$ cat model_29.csv   # CSV, C-alpha atoms
chain,number,residue,atom,x,y,z
A,118,MET,CA,12.4,18.5,10.3
A,119,LYS,CA,13.6,18.8,13.9
A,120,ARG,CA,15.1,15.3,13.9
A,121,LEU,CA,17.0,16.0,10.7
A,122,PHE,CA,18.4,19.2,12.2
A,123,THR,CA,19.4,17.3,15.3
A,124,LEU,CA,21.0,14.5,13.2
A,125,CYS,CA,23.0,17.1,11.2
A,126,ALA,CA,24.1,18.9,14.4
A,127,PHE,CA,25.4,15.7,16.0
A,128,CYS,CA,27.2,14.6,12.8
A,129,LEU,CA,28.9,18.0,12.6
A,130,ALA,CA,29.9,17.9,16.3
A,131,GLY,CA,31.3,14.4,15.8
A,132,ALA,CA,33.2,15.3,12.7
A,133,LEU,CA,34.7,18.3,14.5
A,134,ALA,CA,35.6,16.3,17.6
A,135,VAL,CA,37.5,13.4,15.9
A,136,PRO,CA,40.1,15.5,14.0
A,137,ALA,CA,40.9,17.4,17.2
A,138,GLN,CA,42.2,14.2,18.6
A,139,ALA,CA,44.3,13.3,15.5
A,140,HIS,CA,47.5,14.5,17.2
A,141,GLY,CA,46.8,12.2,20.1
A,142,MET,CA,47.6,12.6,23.8
A,143,GLY,CA,51.3,12.0,23.6
A,144,GLY,CA,53.3,9.1,22.4
A,145,GLY,CA,54.2,8.2,18.9
A,146,TRP,CA,57.5,8.6,17.0
A,147,ARG,CA,59.8,11.2,18.6
A,148,GLY,CA,62.6,10.9,16.2
A,149,GLY,CA,66.2,10.2,17.1
A,150,TYR,CA,68.1,7.0,17.4
A,151,GLY,CA,65.4,4.4,17.7
A,152,TYR,CA,63.5,6.3,20.4
A,153,HIS,CA,60.0,5.0,20.0
A,154,HIS,CA,57.6,5.7,22.8
A,155,HIS,CA,54.0,4.8,23.0
A,156,GLY,CA,52.2,6.7,25.7
A,157,GLY,CA,49.0,8.5,26.4
A,158,GLY,CA,46.4,5.8,26.1
A,159,ARG,CA,43.4,8.2,25.9
A,160,GLY,CA,43.4,8.5,22.1
A,161,TRP,CA,40.4,6.2,21.9
A,162,VAL,CA,38.0,8.4,23.8
A,163,ALA,CA,37.1,10.9,21.0
A,164,PRO,CA,36.4,8.2,18.3
A,165,VAL,CA,34.3,6.2,20.7
A,166,LEU,CA,32.4,9.3,22.0
A,167,GLY,CA,31.9,10.5,18.4
A,168,ALA,CA,30.6,7.1,17.3
A,169,ALA,CA,28.2,7.0,20.3
A,170,ILE,CA,26.9,10.5,19.6
A,171,ILE,CA,26.4,9.9,15.9
A,172,GLY,CA,24.9,6.4,16.5
A,173,SER,CA,22.5,7.9,19.0
A,174,ALA,CA,21.5,10.6,16.6
A,175,ILE,CA,20.9,8.1,13.8
A,176,TYR,CA,18.9,5.9,16.1
A,177,ALA,CA,16.7,8.8,17.3
A,178,ALA,CA,16.1,10.0,13.7
A,179,SER,CA,15.1,6.6,12.5
A,180,SER,CA,12.9,5.4,15.3
A,181,PRO,CA,9.2,5.9,14.4
A,182,SER,CA,7.0,8.2,16.5
A,183,TYR,CA,3.5,7.1,17.0
A,184,ALA,CA,0.5,9.5,17.3
A,185,ALA,CA,-1.8,9.0,20.3
A,186,ALA,CA,-4.7,6.7,19.5
A,187,PRO,CA,-8.0,8.6,19.1
A,188,VAL,CA,-10.3,8.3,22.0
A,189,ILE,CA,-13.7,6.9,21.0
A,190,VAL,CA,-16.5,7.6,23.4
A,191,ALA,CA,-19.4,5.2,23.0
A,192,PRO,CA,-22.8,6.9,23.2
A,193,PRO,CA,-24.9,6.0,26.3
A,194,PRO,CA,-27.3,3.1,25.8
A,195,PRO,CA,-30.7,4.2,24.7
A,196,GLN,CA,-33.3,4.5,27.4
A,197,ARG,CA,-35.9,1.8,27.6
A,198,VAL,CA,-39.4,3.0,27.0
A,199,ALA,CA,-42.7,1.3,27.5
A,200,TYR,CA,-46.0,2.6,26.2
A,201,TYR,CA,-48.9,2.8,28.7
A,202,CYS,CA,-52.6,3.1,27.9
A,203,ALA,CA,-54.3,5.1,30.7
A,204,SER,CA,-57.8,4.0,29.5
A,205,TRP,CA,-57.1,0.3,29.8
A,206,GLY,CA,-54.5,0.6,32.6
A,207,GLN,CA,-52.1,-1.7,30.8
A,208,TYR,CA,-49.0,-1.6,28.7
A,209,TYR,CA,-48.3,-2.4,25.0
A,210,PRO,CA,-48.2,-5.2,23.7
A,211,ALA,CA,-50.8,-6.5,26.2
A,212,VAL,CA,-53.2,-3.9,24.7
A,213,GLN,CA,-52.9,-3.5,20.9
A,214,THR,CA,-55.0,-0.3,20.6
A,215,CYS,CA,-55.6,2.6,23.0
A,216,PRO,CA,-58.5,5.1,22.6
A,217,VAL,CA,-56.3,7.9,24.1
A,218,PRO,CA,-52.7,8.7,23.1
A,219,TRP,CA,-50.1,6.3,24.4
A,220,GLN,CA,-48.0,7.6,27.3
A,221,PRO,CA,-44.3,6.8,27.0
A,222,VAL,CA,-42.9,5.5,30.3
A,223,GLN,CA,-39.1,5.1,30.9
A,224,TYR,CA,-38.0,2.1,32.9
$ encode --input "model_29.csv" --output "structure tokens"
Amino acid sequence: MKRLFTLCAFCLAGALAVPAQAHGMGGGWRGGYGYHHHGGGRGWVAPVLGAAIIGSAIYAASSPSYAAAPVIVAPPPPQRVAYYCASWGQYYPAVQTCPVPWQPVQY
């Protein structure tokens, strides 16, 4: 919505600026006996400036905007656990059964 408002504001400003230069900066037909004088030379500024402003507004309104990519945080790797049998003094799978509960040991 903001881009549309900006585009309309620039178009309006350009439309109001160009007719203001319609009379020109001097020169043109002065009447009389063949008196024809071309002067000024700055009558091109307003149309070029208006076209630049309107073109910039159209470009800004039509260029796509991209949302930031979501940050994906990977979970930490699982901790490695071995199972120790205190009765036999060995770890699983060297010992298949244990008469006492297995003790998990992180490594």
$ atom_distance --input "model_29.csv" --atom1 "CA of Pro194 (chain A)" --atom2 "CA of Trp219 (chain A)"
23.1 Å
$ closest_residue --input "model_29.csv" --among "A:Gly172, A:Pro187, A:Pro181, A:Pro195" --to "Gln223 (chain A)" --atoms "only C-alpha atoms"
A:Pro195
$ atom_distance --input "model_29.csv" --atom1 "CA of Pro192 (chain A)" --atom2 "CA of Val222 (chain A)"
21.4 Å
$ residues_around --input "model_29.csv" --residues "Tyr209 (chain A)" --least-positions-apart "5" --cutoff "12 Å" --atoms "all atoms listed in the file" --output "PDB file with C-alpha atoms, in the frame of the given file"
ATOM      1  CA  VAL A 198     -39.400   3.000  27.000  1.00  0.00           C
ATOM      2  CA  ALA A 199     -42.700   1.300  27.500  1.00  0.00           C
ATOM      3  CA  TYR A 200     -46.000   2.600  26.200  1.00  0.00           C
ATOM      4  CA  TYR A 201     -48.900   2.800  28.700  1.00  0.00           C
ATOM      5  CA  CYS A 202     -52.600   3.100  27.900  1.00  0.00           C
ATOM      6  CA  ALA A 203     -54.300   5.100  30.700  1.00  0.00           C
ATOM      7  CA  THR A 214     -55.000  -0.300  20.600  1.00  0.00           C
ATOM      8  CA  CYS A 215     -55.600   2.600  23.000  1.00  0.00           C
ATOM      9  CA  TRP A 219     -50.100   6.300  24.400  1.00  0.00           C
ATOM     10  CA  GLN A 220     -48.000   7.600  27.300  1.00  0.00           C
ATOM     11  CA  PRO A 221     -44.300   6.800  27.000  1.00  0.00           C
ATOM     12  CA  VAL A 222     -42.900   5.500  30.300  1.00  0.00           C
TER      13      VAL A 222
END
$ atom_distance --input "model_29.csv" --atom1 "CA of Pro193 (chain A)" --atom2 "CA of Pro210 (chain A)"
26.0 Å
$ closest_residue --input "model_29.csv" --among "A:Ala177, A:Ile170, A:Ala184, A:Ala163" --to "Arg120 (chain A)" --atoms "all atoms listed in the file"
A:Ala177
$ axis_aligned_box --input "model_29.csv" --around "region 170-175 of chain A" --padding-each-side "8 Å" --output "JSON"
{"center_x": 23.9, "center_y": 8.5, "center_z": 16.7, "size_x": 22.0, "size_y": 20.2, "size_z": 21.8}
